[in-house]
Every structure is written in structure tokens, then in C-alpha cells.
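One structure below.
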Amino acid sequence: MEVSNFFAERAGLETTPIRWKEEKARGLGYVDAETGLATEYMAIYDALMAAERVQEKEWEKLCYFEGCLPIEELARRGYDTLRFGCMKPVGLRDPRTGKIPYAVVQLRCENLRADSYNLVGFQNHLKYGEQARVLRLIPGLENAKFLRYGQIHRNTYINAPRVLTDTLNLRDHPSIYFAGQISGVEGYTESIATGLLAGLYSATAAQGAGATPVPRETALGSLVNYITQADVKHFQPANITFDLLVPLEEELRKKIRDKKERHRLQCERSLAAFDNWWHSAAIPTTLSS
């Protein structure tokens with residue numbers, strides 16, 4: 001199961017605790033609603049813990065994706081869990097005091113009119129009235145007008161390690177390819193990338209050639225390796241992470257203590273492997289009619 005965020009109208013957000021910042025890359029903006037005091041955070045936490053959730057049906061099995069947990073589920077995992085997640089204040093300072101706030105809520109502009117904002121990471125499975133009550137405890141959102149409340153939706157995906165090959169086609173029906181969320185990958189970029197890969201493989205097959213799988217050393221190859229080689233009984237969708245990449249040699253890991261440098265080397269190797277594959281594999285550019 002995944003849950004979606006809710007949206008708030010900008011008109012109700014013009015209060016002192018909110019800071020507006022321009023995000024130049026998109027031409028839109030982000031907002032920080034600060035909870036500068038532990039008492040403010042405690043009030044939000046307590047309200048979340050007591051809030052009434054939407055009751056699951058008898059036939060439902062709520063199995064949340066770990067990368068997209070509802071805020072009430074995060075709160076149940078510990079008092080400070082939210083402060084290390086969607087309310088993480090690290091790297092942000094209040095320009096009025098120079099201090100790091102106790103917690104921060106980030107609001108992302110959702111359109112070019114800049115009149116609606118999405119509360120980043122605040123997906124939840126609470127009843128609508130409870131959502132409004134809890135979230136208006138956040139400084140700056142006391143008078144917020146919510147345009148859409150959060151809700152839950154089901155993701156359907158195949159048991160990829162049981163049925164897919166490393167070229168993203170079915171073991172028993174090789175002419176059928178899968179990619180994107182239904183194949184067990186999470187994230188927009190991952191879905192687009194596997195879709196492109198499946199398209200290349202199928203185009204290669206249509207020309208009567210054998211597809212060369214993208215190398216395991218690449219990020220894309222590591223992701224495909226995960227969804228096709230994971231434990232069949234406990235398979236869960238995943239985003240690409242450094243943990244999925246081929247690790248550096250133990251001797252090199254001991255020599256290089258800086259994590260950023262190790263990650264840089266992993267990326268460097270991954271890109272080199274991808275370039276070699278791209279230039280050496282039989283990648284079709286056109287299909288004959």
C-alpha cells in the first residue's frame with residue numbers, strides 16, 4: 001500500500017512561522033513551516049498518536065511500502081522518528097535567530113500559479129476531519145485551507161524474482177515484458193528507466209537479435225538484479241540505493257573511510273560500465289516495418 005499527500009491553498013499560509021524560498025531550478029518554491037519549540041512538536045506528536053485512522057476492511061491487508069510510510073505509522077515507531085524523517089530540521093536555520101528549529105515541515109509548490117502547496121512526506125491514512133485537526137497544529141497552518149486530503153491506494157506488482165528474467169521478460173512467455181511499478185521498482189526515475197530498458201530489449205528481440213542485459217555494475221543493472229534475484233517469499237518493491245550497487249572491494253573500503261568518496265567511486269564505475277554496455281550492445285535505433 002502507498003499513501004498520497006494532501007494539498008493546501010497558499011492564501012491560508014501567510015503567517016509568521018512560514019518562510020518562503022525560491023527554488024530557481026523549477027521556478028517554483030518551497031516553504032518551511034517551523035516548529036521552533038519542543039512543546040509545539042509534542043502537541044503535534046500527541047495529536048497524531050490519538051488521531052482516528054480510516055479503518056481497514058476485512059479483505060484488506062495494509063502492508064505499507066517502507067519508503068512511503070504514513071506519518072501516524074512513523075509516529076508510532078518512536079517519539080523522534082518524524083524529526084529524523086519528514087520533519088527533519090538538519091541544514092535549515094531560522095534567519096531570525098540563526099538557530100536550527102526543533103522540527104520543520106516542507107511545503108512544495110504544485111503549480112505555476114503558486115497558489116497550492118503539497119506537504120512533503122506528510123502522507124497519512126487518517127480520517128479527513130482528523131487530518132485537518134492535527135495539521136492545523138503546525139505553526140503557520142492554523143488557518144490553512146486544504147484542497148485535497150491524504151488517502152491510501154494499492155500498488156499491484158508481480159513477484160518479479162519468480163517470473164522475470166534479467167531482460168525484463170517473462171520466463172514462461174518471453175514475448176511479454178514488464179517495467180515500472182508493476183515490475184517491483186519504486187520511483188518515477190526508476191520506472192522511466194526500466195520502461196526504456198524493456199523497450200530496448202523488446203525492440204532487439206523484434207529484430208531477431210539476442211538482448212545483452214545491462215551490467216550488474218550499473219545502477220540500472222543493480223535494480224534489475226534486485227527485482228529478479230530477490231527472495232521470492234519476501235519480495236518487496238525498491239528504489240535504487242547505494243546498497244543495491246556492487247560494493248567496493250573490502251581492501252579499498254578500508255582504505256577509503258569517507259563515505260562520499262566511496263559513493264563517488266561506485267558511481268564512476270557504474271557510469272563506465274553503462275557506457276561500455278551502451279556502445280557494445282546491439283541497441284536498435286530503428287525498426288524495419
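Following the order of the C-alpha cells, first chain is A, next is B, and so on, with residues numbered from 1 inside each chain and ligands from 1 in the order they appear.
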
Residues of region 178-224 of chain A classed as alpha helix (DSSP H) by DSSP on the backbone are to be reported as a PyMOL selection string.
chain A and resi 188-206+219-224

Take the residues from that selection and write them out as a short mmCIF file (atom, residue, chain, number, x, y, z; two decimals), in the first residue's frame, keeping N, CA and C atoms.
data_model
loop_
_atom_site.label_atom_id
_atom_site.label_comp_id
_atom_site.auth_asym_id
_atom_site.auth_seq_id
_atom_site.Cartn_x
_atom_site.Cartn_y
_atom_site.Cartn_z
N TYR A 188 9.74 7.52 -9.81
CA TYR A 188 9.50 7.97 -11.17
C TYR A 188 10.69 7.65 -12.08
N THR A 189 11.88 8.00 -11.62
CA THR A 189 13.06 7.78 -12.44
C THR A 189 13.28 6.29 -12.71
N GLU A 190 13.13 5.48 -11.66
CA GLU A 190 13.31 4.04 -11.82
C GLU A 190 12.29 3.45 -12.80
N SER A 191 11.06 3.93 -12.73
CA SER A 191 10.02 3.42 -13.63
C SER A 191 10.31 3.81 -15.08
N ILE A 192 10.72 5.06 -15.28
CA ILE A 192 11.06 5.52 -16.64
C ILE A 192 12.24 4.73 -17.19
N ALA A 193 13.26 4.55 -16.35
CA ALA A 193 14.48 3.87 -16.80
C ALA A 193 14.21 2.42 -17.17
N THR A 194 13.45 1.71 -16.32
CA THR A 194 13.15 0.31 -16.65
C THR A 194 12.22 0.21 -17.86
N GLY A 195 11.35 1.20 -18.03
CA GLY A 195 10.50 1.22 -19.22
C GLY A 195 11.32 1.36 -20.50
N LEU A 196 12.31 2.26 -20.45
CA LEU A 196 13.20 2.43 -21.59
C LEU A 196 13.99 1.15 -21.85
N LEU A 197 14.45 0.52 -20.78
CA LEU A 197 15.22 -0.70 -20.91
C LEU A 197 14.38 -1.83 -21.51
N ALA A 198 13.17 -1.99 -21.02
CA ALA A 198 12.29 -3.02 -21.56
C ALA A 198 11.98 -2.76 -23.03
N GLY A 199 11.83 -1.48 -23.38
CA GLY A 199 11.60 -1.13 -24.78
C GLY A 199 12.78 -1.50 -25.67
N LEU A 200 13.99 -1.25 -25.18
CA LEU A 200 15.20 -1.63 -25.93
C LEU A 200 15.30 -3.14 -26.10
N TYR A 201 15.01 -3.86 -25.01
CA TYR A 201 15.07 -5.32 -25.09
C TYR A 201 14.04 -5.87 -26.08
N SER A 202 12.83 -5.35 -26.01
CA SER A 202 11.78 -5.86 -26.90
C SER A 202 12.07 -5.50 -28.35
N ALA A 203 12.64 -4.29 -28.58
CA ALA A 203 12.99 -3.89 -29.94
C ALA A 203 14.10 -4.78 -30.50
N THR A 204 15.05 -5.13 -29.62
CA THR A 204 16.12 -6.03 -30.03
C THR A 204 15.56 -7.40 -30.42
N ALA A 205 14.64 -7.90 -29.60
CA ALA A 205 14.02 -9.19 -29.88
C ALA A 205 13.22 -9.15 -31.17
N ALA A 206 12.56 -8.01 -31.44
CA ALA A 206 11.75 -7.88 -32.65
C ALA A 206 12.62 -7.93 -33.90
N ALA A 219 23.77 1.14 -12.04
CA ALA A 219 22.63 1.35 -11.15
C ALA A 219 21.40 0.64 -11.69
N LEU A 220 21.18 0.77 -12.99
CA LEU A 220 20.02 0.13 -13.60
C LEU A 220 20.13 -1.39 -13.53
N GLY A 221 21.34 -1.88 -13.78
CA GLY A 221 21.55 -3.32 -13.69
C GLY A 221 21.39 -3.84 -12.28
N SER A 222 21.81 -3.04 -11.30
CA SER A 222 21.66 -3.43 -9.89
C SER A 222 20.20 -3.48 -9.49
N LEU A 223 19.41 -2.54 -10.00
CA LEU A 223 17.98 -2.53 -9.69
C LEU A 223 17.30 -3.75 -10.32
N VAL A 224 17.63 -4.03 -11.58
CA VAL A 224 17.05 -5.20 -12.25
C VAL A 224 17.51 -6.48 -11.55
#

As a PyMOL selection string, which residues of region 71-263 of chain A does DSSP assign to strand (DSSP E or B)?
chain A and resi 103-109+116-119+126+146-148+151-153+164+169-170+177+185+238

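For the choices A:Ile71, A:Gly91, A:Glu250, A:Glu142, the atom-to-atom distance to Gln123 (chain A) is smallest for A:Ile71 when using only C-alpha atoms.
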
So how many Å separate CA of Glu72 (chain A) and CA of Leu48 (chain A), to one decimal?
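Interatomic distance here is 5.7 Å.
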
Would you list the contacts of Ser280 (chain A) as a list in words, taking every protein, DNA or RNA residue within 12 Å and counting only C-alpha atoms, but skipping same-chain residues closer than 3 positions in sequence?
Ala211, Thr212, Pro213, Val214, Pro215, Ala273, Phe274, Asp275, Asn276, Trp277, Ile283 and Pro284 of chain A

May I have the selected residues written with C-alpha atoms, as a compact mmCIF listing (two decimals), in the first residue's frame?
# COMPACT_ATOMS: atom_id res chain seq x y z
CA ALA A 211 19.47 -8.79 -25.92
CA THR A 212 22.55 -8.17 -23.79
CA PRO A 213 21.45 -7.46 -20.20
CA VAL A 214 22.57 -4.16 -18.72
CA PRO A 215 25.61 -4.88 -16.49
CA ALA A 273 30.12 0.06 -17.16
CA PHE A 274 26.97 1.60 -18.62
CA ASP A 275 28.90 3.44 -21.32
CA ASN A 276 30.72 0.26 -22.33
CA TRP A 277 27.46 -1.66 -22.48
CA ILE A 283 20.99 -1.31 -29.39
CA PRO A 284 18.42 -0.93 -32.20

Close residues, Met49 (chain A) itself excluded, 9 Å, only C-alpha atoms, min 3 positions apart in chain, as a list in words:
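Non-adjacent residues within range: Ile44, Tyr45, Asp46, Glu52, Glu72, Glu73, Ala75 and Arg76 of chain A.
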
If you measure from CA of Val134 (chain A) to CA of Lys99 (chain A), what distance in Å do you get, rounded to one decimal?
25.6 Å

Excluding Asp80 (chain A) and its own-chain neighbours fewer than 3 positions away, which residues fall within 12 Å of it when counting only C-alpha atoms? Please give them as an MDAnalysis selection string.
chainID A and resid 38 41:42 44:46 71 74:77 83:89 102:103

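We find CA of Arg162 (chain A) and CA of Ala230 (chain A) to be spaced 8.8 Å apart.
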